[in-house]
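Okay, query_16.cif is below, mmCIF, C-alpha atoms:
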data_target
loop_
_atom_site.label_atom_id
_atom_site.label_comp_id
_atom_site.auth_asym_id
_atom_site.auth_seq_id
_atom_site.Cartn_x
_atom_site.Cartn_y
_atom_site.Cartn_z
CA MET A 1 26.57 -16.84 -6.08
CA THR A 2 27.01 -20.36 -4.66
CA ALA A 3 24.44 -23.12 -4.65
CA ARG A 4 23.63 -22.67 -0.97
CA PRO A 5 22.71 -18.97 -1.19
CA LEU A 6 20.57 -19.77 -4.23
CA SER A 7 18.87 -22.52 -2.28
CA ASN A 8 18.27 -20.19 0.66
CA TRP A 9 16.78 -17.56 -1.64
CA SER A 10 14.53 -20.19 -3.24
CA ARG A 11 13.32 -21.39 0.15
CA ALA A 12 12.72 -17.82 1.31
CA LEU A 13 10.76 -17.04 -1.86
CA ALA A 14 8.73 -20.23 -1.50
CA ARG A 15 7.89 -19.36 2.12
CA ARG A 16 6.84 -15.86 1.15
CA LEU A 17 4.66 -17.17 -1.67
CA LEU A 18 2.97 -19.69 0.62
CA THR A 19 2.43 -17.00 3.25
CA GLY A 20 1.05 -14.68 0.59
CA LEU A 21 -1.39 -17.31 -0.64
CA ALA A 22 -2.55 -17.87 2.93
CA VAL A 23 -3.13 -14.12 3.37
CA LEU A 24 -5.09 -13.93 0.11
CA TRP A 25 -7.20 -16.93 1.10
CA ALA A 26 -7.89 -15.31 4.49
CA ALA A 27 -8.88 -12.01 2.85
CA ALA A 28 -11.19 -13.74 0.38
CA SER A 29 -12.73 -15.87 3.13
CA ALA A 30 -13.22 -12.88 5.43
CA SER A 31 -14.99 -11.00 2.63
CA TYR A 32 -17.23 -13.98 1.96
CA VAL A 33 -18.06 -14.42 5.65
CA ALA A 34 -18.90 -10.69 5.88
CA LEU A 35 -21.29 -11.14 2.96
CA MET A 36 -22.95 -14.14 4.59
CA LEU A 37 -23.29 -12.39 7.97
CA ALA A 38 -24.63 -9.12 6.58
CA PRO A 39 -28.18 -8.34 7.80
CA GLY A 40 -30.89 -9.61 5.48
CA GLU A 41 -30.95 -12.21 2.74
CA THR A 42 -27.71 -12.70 0.82
CA ILE A 43 -29.41 -12.02 -2.49
CA ASP A 44 -30.75 -8.68 -1.18
CA VAL A 45 -27.27 -7.72 0.06
CA LEU A 46 -25.80 -8.46 -3.36
CA ILE A 47 -28.45 -6.40 -5.13
CA GLY A 48 -27.95 -3.49 -2.74
CA ASP A 49 -29.49 -0.31 -4.10
CA GLY A 50 -29.58 -1.66 -7.65
CA ALA A 51 -32.54 -2.69 -9.76
CA ASP A 52 -34.50 -5.61 -8.32
CA THR A 53 -36.23 -7.82 -10.88
CA PRO A 54 -36.99 -11.57 -11.03
CA GLU A 55 -34.49 -11.92 -13.87
CA ILE A 56 -31.70 -10.32 -11.84
CA ARG A 57 -32.52 -12.47 -8.82
CA ALA A 58 -32.40 -15.62 -10.94
CA LYS A 59 -29.05 -14.57 -12.38
CA ILE A 60 -27.60 -13.93 -8.91
CA ILE A 61 -28.83 -17.29 -7.62
CA ALA A 62 -27.20 -19.07 -10.55
CA GLU A 63 -23.93 -17.10 -10.37
CA TRP A 64 -23.45 -17.44 -6.61
CA GLY A 65 -25.00 -20.90 -6.30
CA LEU A 66 -27.40 -19.70 -3.61
CA ASP A 67 -29.64 -22.71 -4.21
CA ARG A 68 -26.81 -25.08 -3.21
CA PRO A 69 -25.36 -26.07 0.18
CA GLU A 70 -23.27 -23.39 1.93
CA VAL A 71 -20.01 -25.31 1.53
CA VAL A 72 -20.60 -25.58 -2.21
CA GLN A 73 -21.38 -21.85 -2.37
CA TYR A 74 -18.08 -21.03 -0.65
CA LEU A 75 -16.03 -23.36 -2.87
CA THR A 76 -17.76 -21.96 -5.95
CA TYR A 77 -16.79 -18.46 -4.85
CA LEU A 78 -13.15 -19.47 -4.39
CA TRP A 79 -13.15 -21.28 -7.73
CA ARG A 80 -14.40 -18.16 -9.49
CA LEU A 81 -11.68 -16.07 -7.85
CA LEU A 82 -9.01 -18.53 -8.95
CA HIS A 83 -10.19 -17.99 -12.51
CA GLY A 84 -10.10 -14.19 -12.17
CA ASP A 85 -13.89 -13.82 -11.93
CA LEU A 86 -14.57 -11.06 -9.37
CA GLY A 87 -18.31 -11.16 -9.88
CA ARG A 88 -20.70 -8.53 -11.14
CA SER A 89 -21.90 -5.19 -9.85
CA TYR A 90 -25.70 -5.39 -10.04
CA GLN A 91 -26.00 -1.66 -9.47
CA LEU A 92 -23.74 -0.67 -12.35
CA GLN A 93 -24.63 -3.72 -14.46
CA LEU A 94 -20.95 -4.26 -15.14
CA GLY A 95 -18.41 -6.91 -14.28
CA VAL A 96 -16.44 -5.95 -11.18
CA GLY A 97 -13.21 -6.41 -13.12
CA ASP A 98 -14.40 -3.82 -15.64
CA VAL A 99 -15.37 -1.44 -12.83
CA LEU A 100 -11.93 -1.65 -11.25
CA SER A 101 -9.74 -1.87 -14.34
CA GLY A 102 -10.39 1.69 -15.41
CA GLN A 103 -9.56 3.03 -11.95
CA VAL A 104 -6.35 1.16 -11.15
CA GLY A 105 -4.14 3.45 -13.26
CA PRO A 106 -4.90 6.74 -11.45
CA THR A 107 -4.49 5.07 -8.04
CA VAL A 108 -1.17 3.49 -9.00
CA GLN A 109 -0.02 6.86 -10.34
CA LEU A 110 -0.95 8.59 -7.08
CA THR A 111 0.60 5.98 -4.77
CA LEU A 112 3.86 5.82 -6.75
CA ALA A 113 4.12 9.62 -6.76
CA ALA A 114 3.38 9.76 -3.02
CA ALA A 115 5.95 7.03 -2.34
CA GLY A 116 8.50 8.96 -4.40
CA VAL A 117 7.80 12.16 -2.46
CA GLY A 118 8.04 10.37 0.88
CA VAL A 119 11.23 8.46 0.12
CA ALA A 120 12.98 11.43 -1.52
CA LEU A 121 12.18 13.83 1.32
CA ALA A 122 13.11 11.28 3.97
CA GLY A 123 16.44 10.56 2.28
CA VAL A 124 17.36 14.22 1.90
CA ILE A 125 16.37 15.09 5.47
CA ALA A 126 18.21 12.10 6.94
CA VAL A 127 21.43 12.72 5.00
CA VAL A 128 21.45 16.47 5.73
CA THR A 129 20.68 16.20 9.46
CA ALA A 130 22.38 12.93 10.52
CA GLY A 131 25.18 13.69 12.96
CA ARG A 132 24.69 17.45 12.63
CA GLY A 133 24.12 20.07 15.29
CA ARG A 134 21.41 19.73 17.91
CA TRP A 135 19.35 22.64 16.57
CA LEU A 136 19.23 21.31 13.01
CA ARG A 137 18.30 17.82 14.18
CA GLY A 138 15.70 19.27 16.55
CA ALA A 139 14.08 21.30 13.80
CA ALA A 140 13.97 18.26 11.51
CA SER A 141 12.49 16.10 14.28
CA ALA A 142 9.80 18.70 14.98
CA ALA A 143 8.86 18.89 11.29
CA GLU A 144 8.74 15.09 11.09
CA LEU A 145 6.55 14.89 14.18
CA VAL A 146 4.08 17.38 12.72
CA SER A 147 3.89 15.56 9.39
CA VAL A 148 3.23 12.25 11.14
CA SER A 149 0.68 13.64 13.61
CA VAL A 150 -1.47 15.57 11.14
CA PRO A 151 -3.91 13.39 9.11
CA PRO A 152 -3.37 13.37 5.32
CA PHE A 153 -6.79 14.91 4.66
CA LEU A 154 -5.91 17.92 6.86
CA ILE A 155 -2.56 18.28 5.10
CA GLY A 156 -4.48 18.17 1.83
CA LEU A 157 -6.88 20.89 2.97
CA VAL A 158 -3.98 23.16 3.95
CA LEU A 159 -2.23 22.53 0.63
CA LEU A 160 -5.44 23.27 -1.28
CA SER A 161 -6.06 26.46 0.69
CA VAL A 162 -2.55 27.81 0.13
CA PHE A 163 -1.49 26.58 -3.30
CA SER A 164 -4.84 26.26 -5.10
CA PHE A 165 -7.31 28.74 -3.62
CA THR A 166 -4.84 31.47 -2.61
CA LEU A 167 -1.91 31.23 -5.04
CA GLY A 168 -3.66 29.40 -7.86
CA TRP A 169 -0.58 27.37 -8.72
CA PHE A 170 -2.30 23.99 -8.90
CA PRO A 171 -5.80 22.83 -9.91
CA VAL A 172 -8.33 22.25 -7.14
CA SER A 173 -9.51 18.85 -8.37
CA GLY A 174 -9.28 16.35 -11.20
CA ALA A 175 -6.44 14.40 -12.75
CA SER A 176 -5.65 16.36 -15.89
CA GLY A 177 -1.89 16.68 -16.23
CA PRO A 178 1.09 16.40 -13.89
CA GLN A 179 0.16 19.58 -12.00
CA ALA A 180 -2.99 17.93 -10.66
CA LEU A 181 -0.85 15.17 -9.12
CA VAL A 182 1.49 17.40 -7.10
CA LEU A 183 -0.74 18.32 -4.15
CA PRO A 184 -2.34 14.87 -3.67
CA ALA A 185 1.09 13.21 -3.79
CA CYS A 186 2.46 15.65 -1.21
CA ALA A 187 -0.56 15.20 1.08
CA LEU A 188 -0.15 11.43 0.99
CA GLY A 189 3.66 11.40 0.98
CA LEU A 190 4.48 13.83 3.81
CA PRO A 191 3.47 11.47 6.67
CA ILE A 192 5.60 8.75 5.06
CA ALA A 193 8.54 11.16 4.85
CA GLY A 194 8.17 11.97 8.55
CA VAL A 195 8.44 8.37 9.73
CA LEU A 196 11.06 7.27 7.21
CA GLY A 197 13.17 10.36 7.92
CA GLN A 198 13.32 9.51 11.63
CA VAL A 199 14.22 5.89 10.96
CA LEU A 200 16.82 6.69 8.30
CA ARG A 201 18.50 9.37 10.40
CA GLY A 202 18.71 7.03 13.39
CA GLY A 203 20.14 4.28 11.19
CA LEU A 204 22.69 6.64 9.63
CA GLU A 205 23.86 7.94 12.99
CA ARG A 206 24.32 4.41 14.33
CA ALA A 207 26.14 3.35 11.17
CA LEU A 208 28.49 6.34 11.30
CA GLU A 209 29.61 5.25 14.75
CA GLN A 210 30.51 1.72 13.66
CA PRO A 211 34.16 0.57 13.34
CA PHE A 212 33.96 0.43 9.53
CA ALA A 213 33.11 4.16 9.48
CA VAL A 214 36.10 4.99 11.71
CA THR A 215 38.37 2.94 9.44
CA ALA A 216 36.99 4.63 6.31
CA ARG A 217 37.62 8.08 7.76
CA ALA A 218 41.16 7.09 8.71
CA ARG A 219 41.75 6.13 5.08
CA GLY A 220 40.72 9.60 3.97
CA LEU A 221 37.22 8.83 2.71
CA SER A 222 35.08 11.96 2.75
CA GLU A 223 31.95 12.11 4.88
CA ALA A 224 29.69 12.33 1.83
CA ARG A 225 31.22 9.22 0.23
CA LEU A 226 31.13 7.38 3.53
CA VAL A 227 27.41 8.04 3.81
CA ALA A 228 26.65 7.22 0.17
CA ARG A 229 28.80 4.07 -0.12
CA HIS A 230 28.51 2.46 3.29
CA ALA A 231 26.34 4.08 5.96
CA LEU A 232 23.21 4.52 3.84
CA ARG A 233 23.10 0.81 3.04
CA HIS A 234 23.11 -0.05 6.75
CA ALA A 235 20.46 2.59 7.45
CA LEU A 236 18.14 1.10 4.82
CA ILE A 237 17.77 -2.17 6.72
CA PRO A 238 15.45 -0.85 9.49
CA ALA A 239 13.67 1.36 6.95
CA VAL A 240 12.71 -1.64 4.81
CA THR A 241 11.07 -3.28 7.83
CA LEU A 242 8.42 -0.54 7.61
CA ALA A 243 7.07 -2.15 4.42
CA GLY A 244 3.80 -3.19 6.02
CA TRP A 245 3.11 0.24 7.49
CA PHE A 246 4.26 1.95 4.28
CA THR A 247 1.89 -0.11 2.11
CA GLY A 248 -1.05 0.24 4.49
CA THR A 249 -0.62 4.01 4.71
CA LEU A 250 -0.59 4.40 0.94
CA LEU A 251 -3.61 2.16 0.37
CA GLY A 252 -5.67 3.64 3.18
CA GLY A 253 -4.65 7.23 2.51
CA ALA A 254 -5.37 6.97 -1.22
CA VAL A 255 -9.09 6.53 -0.51
CA ILE A 256 -9.41 9.81 1.40
CA THR A 257 -6.95 11.68 -0.80
CA GLU A 258 -8.75 10.79 -4.03
CA VAL A 259 -12.08 11.87 -2.59
CA LEU A 260 -10.64 15.13 -1.20
CA PHE A 261 -8.97 16.12 -4.47
CA GLY A 262 -11.75 14.79 -6.71
CA ARG A 263 -9.43 12.35 -8.44
CA PRO A 264 -10.59 9.17 -10.18
CA GLY A 265 -9.28 5.91 -8.74
CA LEU A 266 -10.01 2.95 -6.52
CA GLY A 267 -10.65 5.26 -3.57
CA GLN A 268 -13.60 6.84 -5.34
CA VAL A 269 -14.87 3.41 -6.39
CA ALA A 270 -14.59 2.06 -2.85
CA MET A 271 -16.38 5.08 -1.37
CA ARG A 272 -19.25 4.82 -3.82
CA ALA A 273 -19.49 1.06 -3.32
CA VAL A 274 -19.66 1.40 0.47
CA THR A 275 -22.23 4.21 0.46
CA GLY A 276 -24.26 2.45 -2.25
CA ARG A 277 -24.01 -0.99 -0.60
CA ASP A 278 -22.43 -2.48 -3.73
CA MET A 279 -21.08 -5.54 -1.92
CA PRO A 280 -19.39 -7.31 -4.87
CA VAL A 281 -17.27 -4.22 -5.55
CA VAL A 282 -16.42 -3.81 -1.85
CA MET A 283 -15.29 -7.45 -1.67
CA ALA A 284 -13.16 -7.03 -4.79
CA VAL A 285 -11.48 -3.88 -3.42
CA VAL A 286 -10.61 -5.72 -0.20
CA LEU A 287 -9.13 -8.62 -2.16
CA LEU A 288 -7.21 -6.31 -4.49
CA SER A 289 -5.75 -4.47 -1.48
CA ALA A 290 -4.60 -7.80 -0.07
CA VAL A 291 -2.95 -8.71 -3.39
CA VAL A 292 -1.07 -5.39 -3.49
CA TYR A 293 0.01 -5.75 0.13
CA VAL A 294 1.28 -9.31 -0.36
CA THR A 295 3.13 -8.41 -3.57
CA ILE A 296 4.88 -5.37 -2.13
CA SER A 297 5.73 -7.13 1.13
CA THR A 298 7.28 -10.04 -0.80
CA LEU A 299 9.36 -7.75 -3.00
CA LEU A 300 10.57 -5.72 -0.03
CA ASP A 301 11.43 -8.87 1.91
CA LEU A 302 13.64 -9.94 -1.00
CA ALA A 303 15.12 -6.43 -1.11
CA TYR A 304 15.88 -6.74 2.61
CA ARG A 305 17.89 -9.88 1.87
CA ALA A 306 19.70 -8.16 -0.98
CA ILE A 307 20.65 -5.23 1.27
CA ASP A 308 21.87 -7.53 4.05
CA PRO A 309 23.26 -10.76 2.48
CA ARG A 310 23.69 -12.30 5.93
CA ILE A 311 19.94 -12.89 6.04
CA GLY A 312 20.16 -15.10 2.97
CA GLY A 313 22.63 -17.31 4.73
CA ARG A 314 20.32 -18.11 7.61
CA PRO A 315 18.76 -21.53 7.61
#

Translate this structure into structure tokens?
Amino acid sequence: MTARPLSNWSRALARRLLTGLAVLWAAASASYVALMLAPGETIDVLIGDGADTPEIRAKIIAEWGLDRPEVVQYLTYLWRLLHGDLGRSYQLQLGVGDVLSGQVGPTVQLTLAAAGVGVALAGVIAVVTAGRGRWLRGAASAAELVSVSVPPFLIGLVLLSVFSFTLGWFPVSGASGPQALVLPACALGLPIAGVLGQVLRGGLERALEQPFAVTARARGLSEARLVARHALRHALIPAVTLAGWFTGTLLGGAVITEVLFGRPGLGQVAMRAVTGRDMPVVMAVVLLSAVVYVTISTLLDLAYRAIDPRIGGRP
């Protein structure tokens, strides 16, 4: 790799990092503004439904700097975030970092499994149906439309009714063992498969009509190798642009899916925090979601450049 491509990659990475920092700052600021604008006194909002004693109130005032000017309060909040201090849940009497740390693993497990289901199904459907007969493509399009149109919680209810209550193949709730992950991952991954399958099939069909595909066929390259070696790479480019939607669907869907299937995770924590008015935990979940979104978007932007090297050569 020459010096110029390296320089372009460095500039692209620097721009993405700066953009990511701006997004994180905006998310943190929006959470703080929401706290300040919430009805009632800030200290009452922070206590929520937790115990209310003079000692707790004094601790909150000292931690959040509520006896200082508003600008100082805001800067103190940002300074604490920069040092990894997410605050304290006064309902649970635990640090917010401790509340979230034990729930990150199950959520990551669920989202990765759902992403795997979505990508695998989309890839298989696109490769099998691209350029095929009208009836096969029509059936695949209809299935994709249904999977996209039906909400994940309804898909989850159908899966539970058939495979748990009727057939008894999978547990109804919990997170004990790989079997308990199958239905939640399918419920969250099927809508992703529907959208990605449409995009990948369209990309494959356009790629198979390009001059390079005609040349490869003339040289005797089989259709399967043509798709695997050349066409699929071109089809991935528009699919990668769905990174924002992909990430948002997984993060948003995980909340409902975890509650529906009784799984531990950040979704359960967020639901309890919202219903219990545990504002420090709610703010931390919002910020953590922004961190995940920025990280995945940055990695996929770099993957986009790796798939299509021409992007790296742009000024």

Original post:
Which of these residues is nearest to Gln109 (chain A), using only C-alpha atoms: A:Leu288, A:Val182, A:Ile155, A:Leu136?
Top reply: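 When distances to Gln109 (chain A) are compared using only C-alpha atoms, the smallest one comes from A:Val182.
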
Original post:
So what do you get for CA of Ala27 (chain A) versus CA of Gly65 (chain A), distance-wise?
Top reply: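 Between these atoms lies a distance of 20.6 Å.
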
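The environment of region 192-203 of chain A within 6 Å, counting only C-alpha atoms and disregarding residues fewer than 3 places along the same chain, consists of Gly118, Leu121, Ala122, Ala126, Ala130, Glu144, Ser147, Val148, Gly189, Arg206 and Ala235 of chain A.
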
**OP:** For region 83-92 of chain A, list every protein, DNA or RNA residue within 10 Å, evaluated using only C-alpha atoms, and leave out those in the same chain fewer than 6 positions away; present the list as a ChimeraX atom specification.
**Re:** /A:46-52,56-57,60,63-64,77,98-100,273,276-285,287

May I have the residues within 10 Å of Pro152 (chain A) as a tab-separated table (two decimals) with C-alpha atoms, in the coordinates of the input, using all atoms listed in the file and disregarding those fewer than 3 positions away in the same chain?
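Result written to part27.tsv:
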chain	number	residue	atom	x	y	z
A	147	SER	CA	3.89	15.56	9.39
A	148	VAL	CA	3.23	12.25	11.14
A	149	SER	CA	0.68	13.64	13.61
A	155	ILE	CA	-2.56	18.28	5.10
A	156	GLY	CA	-4.48	18.17	1.83
A	157	LEU	CA	-6.88	20.89	2.97
A	158	VAL	CA	-3.98	23.16	3.95
A	184	PRO	CA	-2.34	14.87	-3.67
A	186	CYS	CA	2.46	15.65	-1.21
A	187	ALA	CA	-0.56	15.20	1.08
A	188	LEU	CA	-0.15	11.43	0.99
A	189	GLY	CA	3.66	11.40	0.98
A	190	LEU	CA	4.48	13.83	3.81
A	191	PRO	CA	3.47	11.47	6.67
A	249	THR	CA	-0.62	4.01	4.71
A	253	GLY	CA	-4.65	7.23	2.51
A	254	ALA	CA	-5.37	6.97	-1.22
A	256	ILE	CA	-9.41	9.81	1.40
A	257	THR	CA	-6.95	11.68	-0.80
A	260	LEU	CA	-10.64	15.13	-1.20

Original post:
So how far away is CA of Leu17 (chain A) from CA of Val108 (chain A), in Å?
Top reply: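 Computing the Euclidean distance for CA of Val108 (chain A) and CA of Leu17 (chain A) yields 22.7 Å.
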
**OP:** Pick out the residues sitting within 12 Å of Gly248 (chain A), and hand them over as a PyMOL selection string; count only C-alpha atoms, and ignore anything fewer than 4 positions along from it in its own chain.
**Re:** chain A and resi 111+115+188+192+242-244+252-255+289-290+292-294+296-297

I need the residue set behind the PyMOL selection byres ((chain A and resi 75) around 12) for this file; please write it as an mmCIF file with C-alpha atoms, keeping the file's coordinate frame.
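So part_25.cif came out as:
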data_model
loop_
_atom_site.group_PDB
_atom_site.id
_atom_site.type_symbol
_atom_site.label_atom_id
_atom_site.label_comp_id
_atom_site.auth_asym_id
_atom_site.auth_seq_id
_atom_site.Cartn_x
_atom_site.Cartn_y
_atom_site.Cartn_z
ATOM 1 C CA TRP A 25 -7.200 -16.930 1.100
ATOM 2 C CA ALA A 28 -11.190 -13.740 0.380
ATOM 3 C CA SER A 29 -12.730 -15.870 3.130
ATOM 4 C CA TYR A 32 -17.230 -13.980 1.960
ATOM 5 C CA TRP A 64 -23.450 -17.440 -6.610
ATOM 6 C CA GLY A 65 -25.000 -20.900 -6.300
ATOM 7 C CA LEU A 66 -27.400 -19.700 -3.610
ATOM 8 C CA ARG A 68 -26.810 -25.080 -3.210
ATOM 9 C CA PRO A 69 -25.360 -26.070 0.180
ATOM 10 C CA GLU A 70 -23.270 -23.390 1.930
ATOM 11 C CA VAL A 71 -20.010 -25.310 1.530
ATOM 12 C CA VAL A 72 -20.600 -25.580 -2.210
ATOM 13 C CA GLN A 73 -21.380 -21.850 -2.370
ATOM 14 C CA TYR A 74 -18.080 -21.030 -0.650
ATOM 15 C CA THR A 76 -17.760 -21.960 -5.950
ATOM 16 C CA TYR A 77 -16.790 -18.460 -4.850
ATOM 17 C CA LEU A 78 -13.150 -19.470 -4.390
ATOM 18 C CA TRP A 79 -13.150 -21.280 -7.730
ATOM 19 C CA ARG A 80 -14.400 -18.160 -9.490
ATOM 20 C CA LEU A 81 -11.680 -16.070 -7.850
ATOM 21 C CA LEU A 82 -9.010 -18.530 -8.950
#

Residue completion, region 25-44 of chain A, N, CA, C and O atoms, as a PDB file, keeping the file's coordinate frame:
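Saved result, result04.pdb, follows:
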ATOM      1  N   TRP A  25      -6.077 -16.048   0.760  1.00  0.00           N
ATOM      2  CA  TRP A  25      -7.200 -16.930   1.100  1.00  0.00           C
ATOM      3  C   TRP A  25      -7.967 -16.371   2.302  1.00  0.00           C
ATOM      4  O   TRP A  25      -9.212 -16.370   2.319  1.00  0.00           O
ATOM      5  N   ALA A  26      -7.233 -15.874   3.308  1.00  0.00           N
ATOM      6  CA  ALA A  26      -7.890 -15.310   4.490  1.00  0.00           C
ATOM      7  C   ALA A  26      -8.697 -14.072   4.129  1.00  0.00           C
ATOM      8  O   ALA A  26      -9.820 -13.886   4.628  1.00  0.00           O
ATOM      9  N   ALA A  27      -8.150 -13.217   3.258  1.00  0.00           N
ATOM     10  CA  ALA A  27      -8.880 -12.010   2.850  1.00  0.00           C
ATOM     11  C   ALA A  27     -10.140 -12.367   2.079  1.00  0.00           C
ATOM     12  O   ALA A  27     -11.211 -11.790   2.312  1.00  0.00           O
ATOM     13  N   ALA A  28     -10.020 -13.320   1.152  1.00  0.00           N
ATOM     14  CA  ALA A  28     -11.190 -13.740   0.380  1.00  0.00           C
ATOM     15  C   ALA A  28     -12.239 -14.383   1.286  1.00  0.00           C
ATOM     16  O   ALA A  28     -13.438 -14.111   1.154  1.00  0.00           O
ATOM     17  N   SER A  29     -11.797 -15.206   2.223  1.00  0.00           N
ATOM     18  CA  SER A  29     -12.730 -15.870   3.130  1.00  0.00           C
ATOM     19  C   SER A  29     -13.406 -14.871   4.058  1.00  0.00           C
ATOM     20  O   SER A  29     -14.608 -14.970   4.331  1.00  0.00           O
ATOM     21  N   ALA A  30     -12.631 -13.899   4.555  1.00  0.00           N
ATOM     22  CA  ALA A  30     -13.220 -12.880   5.430  1.00  0.00           C
ATOM     23  C   ALA A  30     -14.277 -12.065   4.691  1.00  0.00           C
ATOM     24  O   ALA A  30     -15.345 -11.745   5.251  1.00  0.00           O
ATOM     25  N   SER A  31     -14.007 -11.734   3.424  1.00  0.00           N
ATOM     26  CA  SER A  31     -14.990 -11.000   2.630  1.00  0.00           C
ATOM     27  C   SER A  31     -16.255 -11.826   2.435  1.00  0.00           C
ATOM     28  O   SER A  31     -17.378 -11.309   2.539  1.00  0.00           O
ATOM     29  N   TYR A  32     -16.075 -13.114   2.178  1.00  0.00           N
ATOM     30  CA  TYR A  32     -17.230 -13.980   1.960  1.00  0.00           C
ATOM     31  C   TYR A  32     -18.051 -14.130   3.248  1.00  0.00           C
ATOM     32  O   TYR A  32     -19.285 -14.074   3.220  1.00  0.00           O
ATOM     33  N   VAL A  33     -17.364 -14.300   4.373  1.00  0.00           N
ATOM     34  CA  VAL A  33     -18.060 -14.420   5.650  1.00  0.00           C
ATOM     35  C   VAL A  33     -18.828 -13.130   5.957  1.00  0.00           C
ATOM     36  O   VAL A  33     -19.970 -13.170   6.454  1.00  0.00           O
ATOM     37  N   ALA A  34     -18.208 -11.967   5.666  1.00  0.00           N
ATOM     38  CA  ALA A  34     -18.900 -10.690   5.880  1.00  0.00           C
ATOM     39  C   ALA A  34     -20.166 -10.612   5.042  1.00  0.00           C
ATOM     40  O   ALA A  34     -21.198 -10.101   5.497  1.00  0.00           O
ATOM     41  N   LEU A  35     -20.106 -11.117   3.820  1.00  0.00           N
ATOM     42  CA  LEU A  35     -21.290 -11.140   2.960  1.00  0.00           C
ATOM     43  C   LEU A  35     -22.375 -12.024   3.554  1.00  0.00           C
ATOM     44  O   LEU A  35     -23.556 -11.655   3.608  1.00  0.00           O
ATOM     45  N   MET A  36     -21.981 -13.199   4.043  1.00  0.00           N
ATOM     46  CA  MET A  36     -22.950 -14.140   4.590  1.00  0.00           C
ATOM     47  C   MET A  36     -23.583 -13.621   5.887  1.00  0.00           C
ATOM     48  O   MET A  36     -24.743 -13.912   6.182  1.00  0.00           O
ATOM     49  N   LEU A  37     -22.809 -12.854   6.675  1.00  0.00           N
ATOM     50  CA  LEU A  37     -23.290 -12.390   7.970  1.00  0.00           C
ATOM     51  C   LEU A  37     -23.987 -11.032   7.895  1.00  0.00           C
ATOM     52  O   LEU A  37     -24.507 -10.553   8.912  1.00  0.00           O
ATOM     53  N   ALA A  38     -23.976 -10.415   6.727  1.00  0.00           N
ATOM     54  CA  ALA A  38     -24.630  -9.120   6.580  1.00  0.00           C
ATOM     55  C   ALA A  38     -26.131  -9.261   6.855  1.00  0.00           C
ATOM     56  O   ALA A  38     -26.737 -10.283   6.525  1.00  0.00           O
ATOM     57  N   PRO A  39     -26.744  -8.253   7.492  1.00  0.00           N
ATOM     58  CA  PRO A  39     -28.180  -8.340   7.800  1.00  0.00           C
ATOM     59  C   PRO A  39     -29.015  -8.516   6.531  1.00  0.00           C
ATOM     60  O   PRO A  39     -28.755  -7.873   5.511  1.00  0.00           O
ATOM     61  N   GLY A  40     -30.018  -9.374   6.620  1.00  0.00           N
ATOM     62  CA  GLY A  40     -30.890  -9.610   5.480  1.00  0.00           C
ATOM     63  C   GLY A  40     -30.472 -10.809   4.663  1.00  0.00           C
ATOM     64  O   GLY A  40     -29.468 -11.472   4.943  1.00  0.00           O
ATOM     65  N   GLU A  41     -31.254 -11.105   3.638  1.00  0.00           N
ATOM     66  CA  GLU A  41     -30.950 -12.210   2.740  1.00  0.00           C
ATOM     67  C   GLU A  41     -29.733 -11.879   1.882  1.00  0.00           C
ATOM     68  O   GLU A  41     -29.538 -10.720   1.483  1.00  0.00           O
ATOM     69  N   THR A  42     -28.935 -12.902   1.606  1.00  0.00           N
ATOM     70  CA  THR A  42     -27.710 -12.700   0.820  1.00  0.00           C
ATOM     71  C   THR A  42     -28.027 -12.086  -0.538  1.00  0.00           C
ATOM     72  O   THR A  42     -27.315 -11.184  -1.010  1.00  0.00           O
ATOM     73  N   ILE A  43     -29.085 -12.532  -1.154  1.00  0.00           N
ATOM     74  CA  ILE A  43     -29.410 -12.020  -2.490  1.00  0.00           C
ATOM     75  C   ILE A  43     -29.777 -10.533  -2.431  1.00  0.00           C
ATOM     76  O   ILE A  43     -29.432  -9.760  -3.331  1.00  0.00           O
ATOM     77  N   ASP A  44     -30.426 -10.106  -1.324  1.00  0.00           N
ATOM     78  CA  ASP A  44     -30.750  -8.680  -1.180  1.00  0.00           C
ATOM     79  C   ASP A  44     -29.493  -7.858  -0.931  1.00  0.00           C
ATOM     80  O   ASP A  44     -29.381  -6.719  -1.403  1.00  0.00           O
TER      81      ASP A  44
END
